[in-house]
>>> print(open('protein10.txt').read())   # compact mmCIF, C-alpha atoms (C1' of nucleotides)
# COMPACT_ATOMS: atom_id res chain seq x y z
CA MET I 595 -0.09 26.99 -17.07
CA VAL I 596 2.33 28.94 -14.93
CA THR I 597 3.86 26.76 -12.25
CA ASN I 598 3.30 28.50 -8.98
CA SER I 599 6.65 27.67 -7.48
CA LYS I 600 5.49 27.38 -3.88
CA GLN I 601 2.64 25.01 -4.60
CA THR I 602 4.86 23.01 -6.90
CA GLN I 603 7.50 22.74 -4.22
CA ILE I 604 4.95 21.50 -1.71
CA LEU I 605 3.55 18.98 -4.16
CA ASP I 606 7.02 17.74 -5.08
CA ILE I 607 7.93 17.00 -1.50
CA ALA I 608 4.54 15.54 -0.67
CA GLU I 609 4.71 13.26 -3.69
CA ALA I 610 8.17 12.01 -2.75
CA ILE I 611 7.05 11.16 0.78
CA VAL I 612 3.81 9.48 -0.27
CA ARG I 613 5.57 7.41 -2.91
CA SER I 614 8.07 6.10 -0.42
CA ARG I 615 6.08 5.85 2.83
CA GLY I 616 2.42 6.11 1.89
CA TYR I 617 -0.37 8.62 2.39
CA ASN I 618 -1.28 7.62 5.93
CA ALA I 619 2.32 7.81 7.11
CA PHE I 620 2.91 11.38 6.01
CA SER I 621 1.85 14.66 7.59
CA TYR I 622 1.93 18.39 6.98
CA SER I 623 4.63 18.49 9.61
CA ASP I 624 6.89 16.35 7.42
CA ILE I 625 6.55 18.78 4.53
CA ALA I 626 6.87 21.84 6.75
CA SER I 627 10.16 20.76 8.27
CA GLU I 628 11.56 19.80 4.88
CA ILE I 629 10.94 23.11 3.15
CA GLY I 630 11.19 25.30 6.25
CA VAL I 631 7.72 26.78 6.56
CA SER I 632 5.05 26.37 9.19
CA LYS I 633 2.25 23.86 8.97
CA ALA I 634 -0.24 26.74 8.89
CA SER I 635 1.33 28.05 5.69
CA LEU I 636 0.74 24.73 4.01
CA HIS I 637 -2.93 24.90 4.94
CA HIS I 638 -3.09 28.21 3.13
CA HIS I 639 -2.09 26.49 -0.14
CA PHE I 640 -3.95 23.23 0.45
CA PRO I 641 -6.73 23.68 3.03
CA THR I 642 -7.07 19.98 3.82
CA LYS I 643 -4.88 16.94 3.39
CA SER I 644 -7.46 15.53 1.02
CA ASP I 645 -7.17 18.64 -1.19
CA LEU I 646 -3.43 18.11 -1.34
CA GLY I 647 -3.85 14.40 -2.03
CA LEU I 648 -6.26 15.00 -4.88
CA LYS I 649 -3.90 17.48 -6.51
CA LEU I 650 -1.12 14.94 -6.19
CA VAL I 651 -3.14 12.34 -8.08
CA GLU I 652 -4.25 14.79 -10.76
CA ARG I 653 -0.74 16.07 -11.32
CA PHE I 654 0.69 12.55 -11.43
CA THR I 655 -1.96 11.43 -13.90
CA ASP I 656 -1.22 14.42 -16.14
CA MET I 657 2.49 13.79 -15.90
CA PHE I 658 2.09 10.17 -16.88
CA SER I 659 -0.28 11.03 -19.72
CA GLY I 660 2.34 13.41 -21.03
CA ALA I 661 4.99 10.72 -20.83
CA LEU I 662 2.81 8.28 -22.75
CA GLN I 663 2.05 10.91 -25.36
CA GLN I 664 5.76 11.45 -25.79
CA VAL I 665 6.25 7.72 -26.21
CA ASP I 666 3.55 7.73 -28.87
CA GLU I 667 5.21 10.59 -30.71
CA GLN I 668 8.77 9.33 -30.53
CA HIS I 669 8.23 5.68 -31.37
CA SER I 670 6.21 3.98 -34.05
CA SER I 671 7.08 0.46 -32.98
CA CYS I 672 4.52 -0.91 -30.55
CA LEU I 673 7.07 -3.29 -29.08
CA ILE I 674 9.22 -0.31 -28.20
CA LYS I 675 6.21 1.57 -26.86
CA LEU I 676 5.53 -1.32 -24.55
CA ARG I 677 9.13 -1.40 -23.45
CA GLU I 678 9.09 2.32 -22.77
CA TYR I 679 5.96 1.85 -20.71
CA ALA I 680 7.76 -0.71 -18.60
CA ARG I 681 10.82 1.51 -18.33
CA LEU I 682 8.74 4.33 -16.89
CA HIS I 683 8.02 1.98 -14.01
CA GLU I 684 11.61 0.84 -13.68
CA GLY I 685 12.71 4.45 -13.38
CA SER I 686 10.41 4.90 -10.42
CA LEU I 687 12.24 2.27 -8.43
CA GLN I 688 15.64 3.78 -9.03
CA GLU I 689 14.64 6.43 -6.52
CA ASN I 690 13.14 3.65 -4.38
CA LYS I 691 9.66 4.98 -4.99
CA MET I 692 6.41 3.35 -5.93
CA CYS I 693 4.00 4.64 -8.49
CA LEU I 694 1.97 7.29 -6.64
CA CYS I 695 -1.32 5.71 -7.62
CA GLY I 696 -0.10 2.22 -6.85
CA MET I 697 0.72 3.30 -3.34
CA LEU I 698 -2.62 5.07 -2.98
CA ALA I 699 -4.48 2.06 -4.39
CA ALA I 700 -3.28 0.04 -1.41
CA GLU I 701 -4.60 2.69 0.97
CA HIS I 702 -7.68 3.24 -1.19
CA GLU I 703 -10.29 2.59 1.48
CA THR I 704 -8.96 5.28 3.76
CA LEU I 705 -9.11 8.04 1.14
CA SER I 706 -11.72 10.63 0.20
CA GLN I 707 -14.18 9.79 -2.55
CA SER I 708 -12.62 12.30 -4.92
CA MET I 709 -9.19 10.76 -4.46
CA GLN I 710 -10.60 7.27 -4.93
CA ASP I 711 -12.24 8.27 -8.19
CA ALA I 712 -9.12 9.97 -9.48
CA ILE I 713 -6.99 6.91 -8.70
CA ASN I 714 -9.35 4.58 -10.54
CA GLY I 715 -9.30 6.96 -13.48
CA TYR I 716 -5.53 6.69 -13.56
CA PHE I 717 -5.66 2.91 -13.95
CA ASP I 718 -8.43 3.06 -16.52
CA GLY I 719 -6.27 5.37 -18.61
CA HIS I 720 -3.34 2.99 -18.44
CA GLU I 721 -5.39 -0.02 -19.45
CA HIS I 722 -6.83 1.91 -22.35
CA TRP I 723 -3.41 3.01 -23.59
CA ILE I 724 -1.89 -0.47 -23.29
CA LYS I 725 -4.84 -2.08 -25.02
CA ARG I 726 -4.50 0.29 -27.95
CA VAL I 727 -0.78 -0.46 -28.25
CA LEU I 728 -1.40 -4.20 -28.07
CA LEU I 729 -4.04 -4.16 -30.81
CA LYS I 730 -1.94 -2.00 -33.12
CA GLY I 731 1.16 -4.10 -32.44
CA ARG I 732 -0.64 -7.32 -33.21
CA SER I 733 -2.09 -6.02 -36.44
CA ASP I 734 1.40 -4.81 -37.39
CA GLY I 735 2.76 -8.30 -36.75
CA GLU I 736 5.15 -6.96 -34.17
CA LEU I 737 3.40 -8.31 -31.10
CA ALA I 738 1.92 -11.75 -30.55
CA PHE I 739 -0.67 -12.81 -28.00
CA LYS I 740 -3.84 -14.85 -27.90
CA GLY I 741 -7.22 -13.68 -26.73
CA ASP I 742 -8.66 -10.40 -25.57
CA ALA I 743 -6.34 -7.38 -25.62
CA GLY I 744 -8.18 -5.81 -22.71
CA ARG I 745 -7.35 -8.71 -20.44
CA HIS I 746 -3.72 -8.56 -21.49
CA ALA I 747 -3.70 -4.86 -20.76
CA LYS I 748 -4.96 -5.53 -17.24
CA LEU I 749 -2.28 -8.17 -16.83
CA ILE I 750 0.51 -5.87 -17.96
CA ALA I 751 -0.57 -2.96 -15.77
CA SER I 752 -1.00 -5.27 -12.79
CA SER I 753 2.36 -6.95 -13.29
CA LEU I 754 4.27 -3.71 -13.22
CA GLN I 755 2.43 -2.35 -10.21
CA GLY I 756 2.96 -5.57 -8.30
CA ALA I 757 6.58 -5.77 -9.38
CA LEU I 758 7.20 -2.23 -8.19
CA MET I 759 5.67 -3.02 -4.83
CA ILE I 760 7.66 -6.20 -4.26
CA ALA I 761 10.87 -4.77 -5.70
CA LYS I 762 10.65 -1.72 -3.49
CA SER I 763 10.06 -3.90 -0.49
CA LYS I 764 13.11 -6.00 -1.36
CA ARG I 765 15.10 -2.99 -2.49
CA SER I 766 15.84 -5.06 -5.58
CA MET I 767 16.24 -3.47 -9.00
CA ASP I 768 16.75 -7.04 -10.15
CA HIS I 769 13.15 -7.91 -9.37
CA ILE I 770 11.64 -5.09 -11.40
CA THR I 771 13.97 -5.53 -14.36
CA ALA I 772 13.32 -9.27 -14.39
CA VAL I 773 9.57 -8.75 -14.49
CA SER I 774 9.79 -5.89 -16.96
CA SER I 775 11.98 -7.69 -19.47
CA GLN I 776 10.15 -10.98 -19.08
CA LEU I 777 6.92 -9.17 -19.79
CA ILE I 778 8.24 -7.65 -23.01
CA ASP I 779 9.66 -10.99 -24.12
CA SER I 780 6.25 -12.57 -23.64
CA TYR I 781 4.60 -10.23 -26.16
CA ARG I 782 7.31 -10.05 -28.81
CA ALA I 783 6.30 -11.74 -32.06
CA ILE I 784 8.38 -14.70 -33.33
CA MET X 1334 -0.10 -25.73 19.06
CA VAL X 1335 -3.14 -24.82 21.11
CA THR X 1336 -4.82 -21.72 19.71
CA ASN X 1337 -5.07 -19.25 22.55
CA SER X 1338 -8.52 -18.01 21.70
CA LYS X 1339 -7.99 -14.45 22.88
CA GLN X 1340 -4.79 -13.87 20.96
CA THR X 1341 -6.31 -15.53 17.94
CA GLN X 1342 -9.34 -13.30 18.15
CA ILE X 1343 -7.14 -10.22 18.33
CA LEU X 1344 -5.04 -11.36 15.40
CA ASP X 1345 -8.10 -12.19 13.32
CA ILE X 1346 -9.54 -8.72 13.71
CA ALA X 1347 -6.20 -6.99 13.27
CA GLU X 1348 -5.55 -8.94 10.09
CA ALA X 1349 -8.93 -8.05 8.66
CA ILE X 1350 -8.37 -4.35 9.29
CA VAL X 1351 -4.81 -4.30 7.96
CA ARG X 1352 -5.80 -6.17 4.83
CA SER X 1353 -8.54 -3.70 4.05
CA ARG X 1354 -7.14 -0.39 5.29
CA GLY X 1355 -3.44 -0.89 5.86
CA TYR X 1356 -1.12 -1.03 8.85
CA ASN X 1357 -0.75 2.72 9.32
CA ALA X 1358 -4.50 3.29 9.24
CA PHE X 1359 -5.31 0.89 12.04
CA SER X 1360 -4.94 1.26 15.79
CA TYR X 1361 -5.35 -0.67 19.02
CA SER X 1362 -8.45 1.40 19.52
CA ASP X 1363 -10.02 -0.11 16.39
CA ILE X 1364 -9.48 -3.63 17.68
CA ALA X 1365 -10.57 -2.76 21.20
CA SER X 1366 -13.92 -1.36 20.14
CA GLU X 1367 -14.57 -4.30 17.83
CA ILE X 1368 -14.07 -7.05 20.39
CA GLY X 1369 -15.14 -5.04 23.42
CA VAL X 1370 -11.98 -4.86 25.51
CA SER X 1371 -9.78 -1.96 26.54
CA LYS X 1372 -6.67 -0.90 24.69
CA ALA X 1373 -4.62 -1.75 27.77
CA SER X 1374 -5.74 -5.37 27.56
CA LEU X 1375 -4.46 -5.60 24.04
CA HIS X 1376 -1.07 -4.34 25.15
CA HIS X 1377 -0.97 -7.23 27.62
CA HIS X 1378 -1.15 -9.71 24.73
CA PHE X 1379 0.95 -7.74 22.26
CA PRO X 1380 3.14 -5.19 24.08
CA THR X 1381 3.80 -3.06 21.00
CA LYS X 1382 2.10 -2.60 17.66
CA SER X 1383 5.21 -3.95 16.00
CA ASP X 1384 4.94 -7.17 18.04
CA LEU X 1385 1.39 -7.58 16.84
CA GLY X 1386 2.37 -6.79 13.26
CA LEU X 1387 5.16 -9.35 13.26
CA LYS X 1388 2.84 -12.07 14.55
CA LEU X 1389 0.39 -11.17 11.82
CA VAL X 1390 3.01 -11.69 9.13
CA GLU X 1391 4.29 -14.93 10.64
CA ARG X 1392 0.80 -16.34 10.98
CA PHE X 1393 -0.16 -15.32 7.47
CA THR X 1394 3.02 -16.85 6.04
CA ASP X 1395 2.35 -20.12 7.87
CA MET X 1396 -1.25 -20.12 6.72
CA PHE X 1397 -0.24 -19.62 3.10
CA SER X 1398 2.49 -22.26 3.33
CA GLY X 1399 -0.12 -24.66 4.60
CA ALA X 1400 -2.41 -23.80 1.71
CA LEU X 1401 0.36 -24.38 -0.81
CA GLN X 1402 1.26 -27.67 0.82
CA GLN X 1403 -2.36 -28.73 0.50
CA VAL X 1404 -2.30 -27.78 -3.16
CA ASP X 1405 0.82 -29.90 -3.62
CA GLU X 1406 -0.82 -32.88 -1.93
CA GLN X 1407 -4.16 -32.67 -3.66
CA HIS X 1408 -3.05 -32.02 -7.22
CA SER X 1409 -0.37 -33.60 -9.34
CA SER X 1410 -0.97 -31.38 -12.38
CA CYS X 1411 1.24 -28.31 -12.35
CA LEU X 1412 -1.23 -26.40 -14.46
CA ILE X 1413 -3.85 -26.98 -11.80
CA LYS X 1414 -1.39 -26.08 -9.05
CA LEU X 1415 -0.79 -22.79 -10.77
CA ARG X 1416 -4.51 -22.19 -11.11
CA GLU X 1417 -5.04 -22.95 -7.45
CA TYR X 1418 -2.30 -20.50 -6.60
CA ALA X 1419 -4.12 -17.81 -8.53
CA ARG X 1420 -7.43 -18.79 -6.94
CA LEU X 1421 -6.01 -18.26 -3.48
CA HIS X 1422 -5.55 -14.65 -4.49
CA GLU X 1423 -8.97 -14.35 -6.07
CA GLY X 1424 -10.54 -15.57 -2.85
CA SER X 1425 -8.89 -12.74 -1.00
CA LEU X 1426 -10.71 -10.15 -3.04
CA GLN X 1427 -14.10 -11.69 -2.48
CA GLU X 1428 -13.91 -10.24 1.02
CA ASN X 1429 -12.49 -7.07 -0.51
CA LYS X 1430 -9.14 -7.68 1.12
CA MET X 1431 -5.60 -7.53 -0.12
CA CYS X 1432 -2.94 -10.07 0.60
CA LEU X 1433 -1.62 -9.12 4.05
CA CYS X 1434 1.96 -9.02 2.85
CA GLY X 1435 1.07 -7.16 -0.31
CA MET X 1436 -0.50 -4.43 1.77
CA LEU X 1437 2.48 -4.35 4.12
CA ALA X 1438 4.92 -4.31 1.19
CA ALA X 1439 3.46 -0.96 0.16
CA GLU X 1440 4.00 0.41 3.66
CA HIS X 1441 7.32 -1.41 3.97
CA GLU X 1442 9.48 1.61 4.78
CA THR X 1443 7.42 2.55 7.80
CA LEU X 1444 7.72 -0.87 9.46
CA SER X 1445 10.12 -2.37 11.98
CA GLN X 1446 13.13 -4.30 10.68
CA SER X 1447 11.71 -7.60 11.90
CA MET X 1448 8.47 -7.02 10.03
CA GLN X 1449 10.36 -5.99 6.89
CA ASP X 1450 12.42 -9.16 6.97
CA ALA X 1451 9.39 -11.37 7.53
CA ILE X 1452 7.56 -9.78 4.61
CA ASN X 1453 10.46 -10.31 2.25
CA GLY X 1454 10.67 -13.91 3.41
CA TYR X 1455 7.03 -14.34 2.43
CA PHE X 1456 7.69 -13.26 -1.14
CA ASP X 1457 10.86 -15.36 -1.41
CA GLY X 1458 8.84 -18.38 -0.41
CA HIS X 1459 6.24 -17.69 -3.07
CA GLU X 1460 8.78 -17.25 -5.83
CA HIS X 1461 10.48 -20.46 -4.81
CA TRP X 1462 7.24 -22.42 -4.86
CA ILE X 1463 6.12 -21.04 -8.21
CA LYS X 1464 9.52 -21.66 -9.78
CA ARG X 1465 9.42 -25.29 -8.70
CA VAL X 1466 5.94 -25.74 -10.15
CA LEU X 1467 6.96 -24.09 -13.42
CA LEU X 1468 10.03 -26.29 -13.86
CA LYS X 1469 8.15 -29.49 -13.09
CA GLY X 1470 5.26 -28.45 -15.33
CA ARG X 1471 7.55 -27.72 -18.24
CA SER X 1472 9.39 -31.02 -17.91
CA ASP X 1473 6.01 -32.76 -17.74
CA GLY X 1474 5.02 -31.03 -20.97
CA GLU X 1475 2.02 -29.47 -19.27
CA LEU X 1476 3.32 -25.92 -19.13
CA ALA X 1477 5.09 -23.96 -21.84
CA PHE X 1478 7.30 -20.88 -21.44
CA LYS X 1479 10.63 -19.65 -22.71
CA GLY X 1480 13.56 -18.59 -20.61
CA ASP X 1481 14.35 -18.59 -16.93
CA ALA X 1482 11.72 -20.04 -14.61
CA GLY X 1483 12.80 -17.72 -11.79
CA ARG X 1484 11.94 -14.66 -13.83
CA HIS X 1485 8.57 -16.12 -14.70
CA ALA X 1486 7.96 -16.84 -11.04
CA LYS X 1487 8.62 -13.21 -10.20
CA LEU X 1488 6.26 -12.16 -12.97
CA ILE X 1489 3.47 -14.41 -11.76
CA ALA X 1490 3.77 -13.36 -8.12
CA SER X 1491 3.93 -9.70 -9.12
CA SER X 1492 0.94 -9.94 -11.44
CA LEU X 1493 -1.33 -11.33 -8.79
CA GLN X 1494 -0.24 -8.84 -6.14
CA GLY X 1495 -0.72 -5.96 -8.52
CA ALA X 1496 -4.02 -7.31 -9.75
CA LEU X 1497 -5.27 -7.62 -6.17
CA MET X 1498 -4.28 -4.05 -5.46
CA ILE X 1499 -5.94 -2.59 -8.54
CA ALA X 1500 -8.99 -4.84 -8.31
CA LYS X 1501 -9.56 -3.92 -4.68
CA SER X 1502 -9.23 -0.28 -5.55
CA LYS X 1503 -11.80 -0.66 -8.33
CA ARG X 1504 -13.91 -3.08 -6.29
CA SER X 1505 -13.83 -5.22 -9.42
CA MET X 1506 -13.81 -9.00 -9.22
CA ASP X 1507 -13.66 -8.79 -13.01
CA HIS X 1508 -10.18 -7.31 -12.88
CA ILE X 1509 -8.67 -10.04 -10.73
CA THR X 1510 -10.36 -12.89 -12.60
CA ALA X 1511 -9.26 -11.43 -15.93
CA VAL X 1512 -5.63 -11.26 -14.81
CA SER X 1513 -5.75 -14.62 -13.09
CA SER X 1514 -7.22 -16.53 -16.01
CA GLN X 1515 -5.11 -14.71 -18.58
CA LEU X 1516 -2.04 -15.64 -16.58
CA ILE X 1517 -2.93 -19.33 -16.55
CA ASP X 1518 -3.71 -19.27 -20.26
CA SER X 1519 -0.26 -17.85 -20.94
CA TYR X 1520 1.51 -20.82 -19.38
CA ARG X 1521 -0.69 -23.64 -20.61
CA ALA X 1522 1.08 -25.85 -23.14
CA ILE X 1523 -0.42 -26.04 -26.67
C1' DG Q 1041 1.51 34.44 2.49
C1' DT Q 1042 3.56 33.70 6.53
C1' DC Q 1043 3.74 33.35 11.31
C1' DT Q 1044 2.50 31.92 16.55
C1' DA Q 1045 -0.68 29.91 19.26
C1' DT Q 1046 -3.97 26.76 20.06
C1' DA Q 1047 -7.95 23.88 19.66
C1' DG Q 1048 -9.72 19.20 19.74
C1' DG Q 1049 -8.76 14.75 18.73
C1' DT Q 1050 -6.17 10.34 18.43
C1' DG Q 1051 -1.89 7.74 18.44
C1' DG Q 1052 0.95 4.04 21.17
C1' DA Q 1053 2.15 2.95 25.60
C1' DT Q 1054 2.40 2.55 30.91
C1' DA Q 1055 1.03 2.50 36.05
C1' DG Q 1056 -1.33 0.39 39.28
C1' DA Q 1057 -5.77 -1.35 41.25
C1' DC Q 1058 -8.75 -5.41 41.06
C1' DG Y 47 -6.10 -10.64 32.27
C1' DT Y 48 -8.75 -6.88 32.55
C1' DC Y 49 -9.81 -2.43 33.91
C1' DT Y 50 -9.48 3.08 34.61
C1' DA Y 51 -6.65 6.75 34.42
C1' DT Y 52 -3.12 9.00 32.50
C1' DC Y 53 1.18 10.43 29.82
C1' DC Y 54 3.10 12.63 26.03
C1' DA Y 55 3.70 12.98 21.26
C1' DC Y 56 1.56 13.82 17.14
C1' DC Y 57 -2.32 14.69 14.09
C1' DT Y 58 -5.43 17.94 11.09
C1' DA Y 59 -7.17 22.23 11.20
C1' DT Y 60 -8.33 27.18 12.56
C1' DA Y 61 -7.90 32.07 14.54
C1' DG Y 62 -5.91 36.10 14.16
C1' DA Y 63 -1.72 39.12 14.08
C1' DC Y 64 1.80 40.87 10.86
>>> encode(input="protein10.txt", output="structure tokens")
Amino acid sequence: MVTNSKQTQILDIAEAIVRSRGYNAFSYSDIASEIGVSKASLHHHFPTKSDLGLKLVERFTDMFSGALQQVDEQHSSCLIKLREYARLHEGSLQENKMCLCGMLAAEHETLSQSMQDAINGYFDGHEHWIKRVLLKGRSDGELAFKGDAGRHAKLIASSLQGALMIAKSKRSMDHITAVSSQLIDSYRAI
Amino acid sequence: MVTNSKQTQILDIAEAIVRSRGYNAFSYSDIASEIGVSKASLHHHFPTKSDLGLKLVERFTDMFSGALQQVDEQHSSCLIKLREYARLHEGSLQENKMCLCGMLAAEHETLSQSMQDAINGYFDGHEHWIKRVLLKGRSDGELAFKGDAGRHAKLIASSLQGALMIAKSKRSMDHITAVSSQLIDSYRAI
DNA sequence: GTCTATAGGTGGATAGAC
DNA sequence: GTCTATCCACCTATAGAC
């Protein structure tokens, strides 16, 4: 895939704004003034705001999938995989940004059906990945937890999304690192 | 405090809209059409949107404090207190609504300073309450967890906020109940 | 692909009559 | 306290020239 530089530039700026202020608080005008083109030009690349929003979600989902694949390739330890998963969220807050899909989940009811579906798909993918890591880690004796792995996966994904939201609101790296490291500690065997 | 019925009515409707669609996706016009008054009348009661928003947060914080106080009075078991805390969040989703302050935390950067401060105060209060319950529960031998109670309090508050957000997005009571009950299981002694 | 111009709508907020 | 009328800024989106 060749990265059309103009579209990429638009998506980059749009993503940054949405992740810090939300979908309903951003406009084509914000992007236009930031990259120095007219609003009409933006409509040439993304006819409607919903088109742009959907691309944002798809690109973010792909990006995160790639990151998780890299984690899978670079680490065999499931404890470390889990820690890397948490760190991906911590990194988000260093730029004072939420997870794109976490932000959009809050605004879910105001979005187009296609965006809603894509967002839910994002979370399903996360739960699936975490569940797989948990099961493998437990059978390896590296992770310890009681009960259904799927429920734990939901808990882990939810914790990090909630932690990001609260930490961003408090502008507190301390909050996200506390939650992140406490979470890992809770699943470490021994 | 006598409840001025008109202001209460306005706040009730505003809260319902914000908790389902968010602060930036709601307008005086939405409230006006729902209760059958003009926008100008609303401005008489709440001069600016930010005034209205601040009252919403203050009222919600008071309401939740009252609920927690009731939990403290009605239950001596810290395990049950914790479960009741989680249930307060589950109840929210039954009307397909987020926690007011969770929703506003996502939109935090777009809000007035006074609203931002009030929202952060809400979360501080929660962490404080949970931490106290955790410490008492552990010393009673009813709850079990390793490490700092403050970090666990942050984890618990974050989990439920995140679970609400994802569950609402998926319209899945299953998601919030899974997280809620898994969370309680994790802190139960034995 | 980019622009100017503009349409058509809605946002929060105010003036002033009743 | 409530209304109508109105202001002005901003929104998403389109038309049509270059």
>>> interface_residues(input="protein10.txt", of="chain X", to="chain Y", cutoff="12 Å", atoms="only C-alpha atoms (C1' of nucleotides)", output="PyMOL selection string")
chain X and resi 1339-1340+1369-1378
>>> interface_residues(input="protein10.txt", of="chain X", to="chain I", cutoff="8 Å", atoms="only C-alpha atoms", output="PyMOL selection string")
chain X and resi 1353-1355+1357-1358+1435-1436+1438-1443+1449+1453+1456+1484-1485+1487-1496+1498-1499+1501-1503+1508+1511-1512+1515-1516
>>> closest_atom_pairs(input="protein10.txt", of="chain X", to="chain Q", cutoff="9 Å", atoms="all atoms listed in the file", output="tab-separated table")
residue	atom	partner	partner_atom	distance
X:Ser1360	CA	Q:DG1051	C1'	7.6
X:Tyr1361	CA	Q:DG1052	C1'	8.2
X:Ala1373	CA	Q:DA1053	C1'	8.5
X:His1376	CA	Q:DA1053	C1'	8.0
X:Pro1380	CA	Q:DA1053	C1'	8.3
X:Thr1381	CA	Q:DG1052	C1'	7.7
X:Lys1382	CA	Q:DG1052	C1'	7.6
>>> residues_around(input="protein10.txt", residues="segment 1401-1411 of chain X", least_positions_apart="4", cutoff="12 Å", atoms="only C-alpha atoms (C1' of nucleotides)", output="ChimeraX atom specification")
/X:1394-1397,1415-1422,1458-1459,1461-1477,1517,1520-1522
>>> atom_distance(input="protein10.txt", atom1="atom CA of Leu1387 of chain X", atom2="atom CA of Gln1446 of chain X")
9.8 Å
>>> atom_distance(input="protein10.txt", atom1="atom CA of Ile604 of chain I", atom2="atom CA of Asp624 of chain I")
10.7 Å
>>> atom_distance(input="protein10.txt", atom1="atom CA of Ala1451 of chain X", atom2="atom CA of Ala1400 of chain X")
18.1 Å
>>> residues_near_point(input="protein10.txt", point="(-17.8, -2.1, 10.6)", cutoff="12 Å", atoms="all atoms listed in the file", output="count of residues only")
9
>>> axis_aligned_box(input="protein10.txt", around="segment 51-63 of chain Y", padding_each_side="8 Å", output="AutoDock Vina command-line options")
--center_x -2.3 --center_y 22.9 --center_z 22.8 --size_x 28.0 --size_y 48.4 --size_z 39.3
>>> decode(input="protein10.txt", residues="segment 1043-1055 of chain Q", atoms="N, CA, C and O atoms (P, O5', C5', C4', C3', O3' and C1' of nucleotides)", output="CSV table (one decimal), in the first residue's frame")
chain,number,residue,atom,x,y,z
Q,1043,DC,P,-6.3,25.1,-1.1
Q,1043,DC,O5',-7.2,26.1,-1.9
Q,1043,DC,C5',-6.6,27.2,-2.6
Q,1043,DC,C4',-7.6,27.9,-3.5
Q,1043,DC,C3',-8.8,28.6,-2.8
Q,1043,DC,O3',-8.4,29.9,-2.4
Q,1043,DC,C1',-9.6,27.3,-4.7
Q,1044,DT,P,-9.3,30.7,-1.4
Q,1044,DT,O5',-10.5,31.2,-2.3
Q,1044,DT,C5',-10.4,32.0,-3.4
Q,1044,DT,C4',-11.7,32.3,-4.0
Q,1044,DT,C3',-12.6,33.0,-3.0
Q,1044,DT,O3',-13.4,34.0,-3.7
Q,1044,DT,C1',-13.7,31.0,-3.7
Q,1045,DA,P,-14.3,35.1,-2.9
Q,1045,DA,O5',-15.8,34.5,-3.1
Q,1045,DA,C5',-16.1,33.9,-4.4
Q,1045,DA,C4',-17.5,33.2,-4.2
Q,1045,DA,C3',-18.4,33.8,-3.1
Q,1045,DA,O3',-19.7,34.1,-3.7
Q,1045,DA,C1',-18.2,31.5,-2.8
Q,1046,DT,P,-20.8,34.9,-2.9
Q,1046,DT,O5',-21.7,33.6,-2.5
Q,1046,DT,C5',-21.9,32.6,-3.4
Q,1046,DT,C4',-22.5,31.4,-2.7
Q,1046,DT,C3',-23.5,31.8,-1.6
Q,1046,DT,O3',-24.8,31.2,-1.9
Q,1046,DT,C1',-22.1,30.1,-0.9
Q,1047,DA,P,-26.1,31.8,-1.3
Q,1047,DA,O5',-27.1,30.5,-1.3
Q,1047,DA,C5',-26.8,29.5,-2.2
Q,1047,DA,C4',-26.9,28.2,-1.4
Q,1047,DA,C3',-28.0,28.1,-0.4
Q,1047,DA,O3',-28.9,27.1,-0.8
Q,1047,DA,C1',-26.0,27.3,0.5
Q,1048,DG,P,-30.4,27.1,-0.3
Q,1048,DG,O5',-30.4,26.3,1.1
Q,1048,DG,C5',-29.8,25.0,1.1
Q,1048,DG,C4',-29.7,24.6,2.6
Q,1048,DG,C3',-30.9,25.2,3.4
Q,1048,DG,O3',-31.3,24.2,4.3
Q,1048,DG,C1',-28.8,25.7,4.4
Q,1049,DG,P,-32.5,24.4,5.3
Q,1049,DG,O5',-31.9,24.1,6.7
Q,1049,DG,C5',-31.1,22.9,6.8
Q,1049,DG,C4',-30.1,23.0,7.9
Q,1049,DG,C3',-30.8,23.4,9.3
Q,1049,DG,O3',-30.7,22.2,10.1
Q,1049,DG,C1',-28.7,24.6,8.9
Q,1050,DT,P,-31.6,22.2,11.4
Q,1050,DT,O5',-30.5,22.7,12.5
Q,1050,DT,C5',-29.3,21.9,12.6
Q,1050,DT,C4',-28.3,22.7,13.5
Q,1050,DT,C3',-28.9,23.1,14.9
Q,1050,DT,O3',-28.2,22.4,15.9
Q,1050,DT,C1',-27.7,24.8,13.9
Q,1051,DG,P,-28.6,22.5,17.4
Q,1051,DG,O5',-27.4,23.5,18.0
Q,1051,DG,C5',-26.1,23.1,17.8
Q,1051,DG,C4',-25.1,24.2,18.2
Q,1051,DG,C3',-25.6,24.9,19.5
Q,1051,DG,O3',-25.0,24.3,20.6
Q,1051,DG,C1',-24.9,26.5,17.7
Q,1052,DG,P,-25.7,24.6,22.0
Q,1052,DG,O5',-25.2,26.1,22.4
Q,1052,DG,C5',-23.8,26.3,22.5
Q,1052,DG,C4',-23.5,27.8,22.8
Q,1052,DG,C3',-24.2,28.4,24.0
Q,1052,DG,O3',-23.2,29.2,24.7
Q,1052,DG,C1',-25.0,29.6,22.2
Q,1053,DA,P,-23.6,29.9,26.1
Q,1053,DA,O5',-24.3,31.3,25.6
Q,1053,DA,C5',-23.6,32.2,24.9
Q,1053,DA,C4',-24.5,33.4,24.5
Q,1053,DA,C3',-25.3,34.0,25.6
Q,1053,DA,O3',-24.8,35.3,25.8
Q,1053,DA,C1',-26.6,33.8,23.6
Q,1054,DT,P,-25.4,36.2,27.0
Q,1054,DT,O5',-26.3,37.2,26.2
Q,1054,DT,C5',-25.8,37.9,25.1
Q,1054,DT,C4',-26.9,38.8,24.5
Q,1054,DT,C3',-27.8,39.6,25.5
Q,1054,DT,O3',-27.8,40.9,25.1
Q,1054,DT,C1',-29.2,38.4,24.1
Q,1055,DA,P,-28.3,42.1,26.0
Q,1055,DA,O5',-29.6,42.6,25.2
Q,1055,DA,C5',-29.6,42.6,23.8
Q,1055,DA,C4',-30.9,43.1,23.2
Q,1055,DA,C3',-31.6,44.0,24.2
Q,1055,DA,O3',-32.3,45.1,23.4
Q,1055,DA,C1',-32.9,42.1,23.7
